[in-house]
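Visitor: Have a look at the structure that comes next, please.
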Amino acid sequence: GQSLEQPSEVTAVEGAIVQINCTYQTSGFYGLSWYQQHDGGAPTFLSYNGLDGLEETGRFSSFLSRSDSYGYLLLQELQMKDSASYFCAVSHPRSSYKLIFGSGTRLLVRP
Amino acid sequence: DVKVTQSSRYLVKRTGEKVFLECVQDMDHENMFWYRQDPGLGLRLIYFSYDVKMKEKGDIPEGYSVSREKKERFSLILESASTNQTSMYLCASTPGTRTYEQYFGPGTRLTVT
């Protein structure tokens, strides 16, 4: 089966750096994705790691270690607008069409 | 710009009613998905479609059916709405190759009373 674990809530200060972790257990693995969702909004795609290492997109970076079944999303220079929920997702072992999402991490950025 | 639209933002229905939720994408994507989102449970896949008239069950298909008669349109049907189907319903689409990059619609918040 598939399961993903991420913290339910994280709080950080504006301008700081925050790391949101995601550990997964899967019988097959095709990559780890990250999505952002503001309250009342739709999830939006942030990044994808198909191979080990760090992917950087502006203030956001995502890291994957397949040997550790672990990834994280790193947000730098936090802004108030980064307050949102962040979901990691892995591809379903029997169908790469399908994503399985974690239950999400709610990030609160304080002034 | 990529666009996925859903027919309603808010919907209130009575128990036992048949409910139709419509989703349209303008990106010529092959794959379309229906999820429901509940607090603390993340997004759970109800059904998906990888081509016109093709569909596959997701993780929680019970009580739902789908229809995809045209490539751009994917409908979710609640045959007989029940209160435990009160939820946020999200539609998404992806191109054939980049299935990890899903584009979501704004969602429909359905309340069944």
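Residue numbering restarts at 1 in every chain; chains get A, B, ... in the order shown in the structure tokens, and ligands count up from 1 in that same order.
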Counting only C-alpha atoms, what are the residues of chain A within 10 Å of chain B, and for each of them which pair of atoms is the nearest and at what distance in Å, to one decimal? Sort the table by chain and rising number, as a Markdown table.
Guide:
```
| residue | atom | partner | partner_atom | distance |
| --- | --- | --- | --- | --- |
| A:Ser8 | CA | B:Gly40 | CA | 8.2 |
| A:Tyr30 | CA | B:Tyr100 | CA | 9.2 |
| A:Gly31 | CA | B:Tyr100 | CA | 8.0 |
| A:Leu32 | CA | B:Tyr100 | CA | 8.1 |
| A:Ser33 | CA | B:Tyr100 | CA | 6.5 |
| A:Trp34 | CA | B:Glu101 | CA | 9.1 |
| A:Tyr35 | CA | B:Glu101 | CA | 9.1 |
| A:Gly40 | CA | B:Pro106 | CA | 8.3 |
| A:Gly41 | CA | B:Pro106 | CA | 6.1 |
| A:Ala42 | CA | B:Pro106 | CA | 5.0 |
| A:Pro43 | CA | B:Phe104 | CA | 6.2 |
| A:Thr44 | CA | B:Tyr103 | CA | 6.8 |
| A:Phe45 | CA | B:Glu101 | CA | 6.0 |
| A:Leu46 | CA | B:Glu101 | CA | 8.5 |
| A:Ser47 | CA | B:Glu101 | CA | 8.2 |
| A:Tyr48 | CA | B:Tyr100 | CA | 7.3 |
| A:Asn49 | CA | B:Tyr100 | CA | 9.7 |
| A:Gly50 | CA | B:Tyr100 | CA | 9.8 |
| A:Phe87 | CA | B:Gly42 | CA | 7.8 |
| A:Cys88 | CA | B:Gly42 | CA | 9.8 |
| A:Ala89 | CA | B:Tyr100 | CA | 8.3 |
| A:Val90 | CA | B:Tyr100 | CA | 8.0 |
| A:Ser91 | CA | B:Tyr100 | CA | 7.1 |
| A:Ser96 | CA | B:Thr99 | CA | 7.2 |
| A:Tyr97 | CA | B:Thr99 | CA | 5.6 |
| A:Lys98 | CA | B:Thr99 | CA | 7.4 |
| A:Leu99 | CA | B:Tyr100 | CA | 6.9 |
| A:Ile100 | CA | B:Arg44 | CA | 7.4 |
| A:Phe101 | CA | B:Leu43 | CA | 5.9 |
| A:Gly102 | CA | B:Gly42 | CA | 5.9 |
| A:Ser103 | CA | B:Gly42 | CA | 3.9 |
| A:Gly104 | CA | B:Gly42 | CA | 6.0 |
| A:Thr105 | CA | B:Gly40 | CA | 9.5 |
```
Visitor: Please save C-alpha atoms of the selected residues as an mmCIF file, in the first residue's frame.
Guide:
```cif
data_model
loop_
_atom_site.group_PDB
_atom_site.id
_atom_site.type_symbol
_atom_site.label_atom_id
_atom_site.label_comp_id
_atom_site.auth_asym_id
_atom_site.auth_seq_id
_atom_site.Cartn_x
_atom_site.Cartn_y
_atom_site.Cartn_z
ATOM 1 C CA SER A 8 -0.207 18.760 10.325
ATOM 2 C CA TYR A 30 7.649 7.247 -9.577
ATOM 3 C CA GLY A 31 8.355 10.593 -7.980
ATOM 4 C CA LEU A 32 7.271 13.102 -5.340
ATOM 5 C CA SER A 33 5.207 16.187 -6.093
ATOM 6 C CA TRP A 34 4.298 19.216 -3.997
ATOM 7 C CA TYR A 35 1.164 21.324 -4.135
ATOM 8 C CA GLY A 40 -10.792 28.557 -0.266
ATOM 9 C CA GLY A 41 -8.562 28.032 -3.282
ATOM 10 C CA ALA A 42 -7.572 25.186 -5.560
ATOM 11 C CA PRO A 43 -4.336 23.227 -5.143
ATOM 12 C CA THR A 44 -1.580 24.464 -7.432
ATOM 13 C CA PHE A 45 1.449 22.482 -8.524
ATOM 14 C CA LEU A 46 4.772 23.630 -7.058
ATOM 15 C CA SER A 47 7.428 21.073 -7.911
ATOM 16 C CA TYR A 48 8.290 17.510 -8.825
ATOM 17 C CA ASN A 49 11.275 15.311 -7.937
ATOM 18 C CA GLY A 50 11.698 12.184 -10.019
ATOM 19 C CA PHE A 87 0.585 18.643 0.163
ATOM 20 C CA CYS A 88 3.091 16.066 -0.939
ATOM 21 C CA ALA A 89 1.959 13.407 -3.395
ATOM 22 C CA VAL A 90 3.332 10.219 -4.910
ATOM 23 C CA SER A 91 2.259 8.343 -7.981
ATOM 24 C CA SER A 96 1.141 6.315 -12.850
ATOM 25 C CA TYR A 97 -1.923 8.352 -13.886
ATOM 26 C CA LYS A 98 -2.976 8.594 -10.280
ATOM 27 C CA LEU A 99 -1.527 10.601 -7.426
ATOM 28 C CA ILE A 100 -1.878 9.763 -3.754
ATOM 29 C CA PHE A 101 -1.822 12.869 -1.583
ATOM 30 C CA GLY A 102 -0.657 13.331 1.972
ATOM 31 C CA SER A 103 -3.092 14.913 4.415
ATOM 32 C CA GLY A 104 -1.326 18.273 4.143
ATOM 33 C CA THR A 105 0.707 20.649 6.298
#
```
Visitor: Can you pull out every residue within 12 Å of Ala81 in chain B, counting only C-alpha atoms, but drop anything in the same chain fewer than 6 positions away, and send it as a PyMOL selection string?
Guide: chain B and resi 11-20+62-65+87+110-113
Visitor: As a PyMOL selection string, please: every residue in chain A that DSSP puts in strand (DSSP E or B).
Guide: chain A and resi 3-5+9-13+18-25+32-37+44-49+53-57+60-65+70-75+84-92+95-101+105-110
Visitor: Between CA of Glu9 in chain A and CA of Ile46 in chain B, what is the distance, to one decimal in Å?
Guide: 26.2 Å
Visitor: Report, in Å to a single decimal, how far apart CA of Glu56 in chain B and CA of Trp34 in chain B are.
Guide: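 Separation of CA of Trp34 in chain B and CA of Glu56 in chain B: 10.9 Å.
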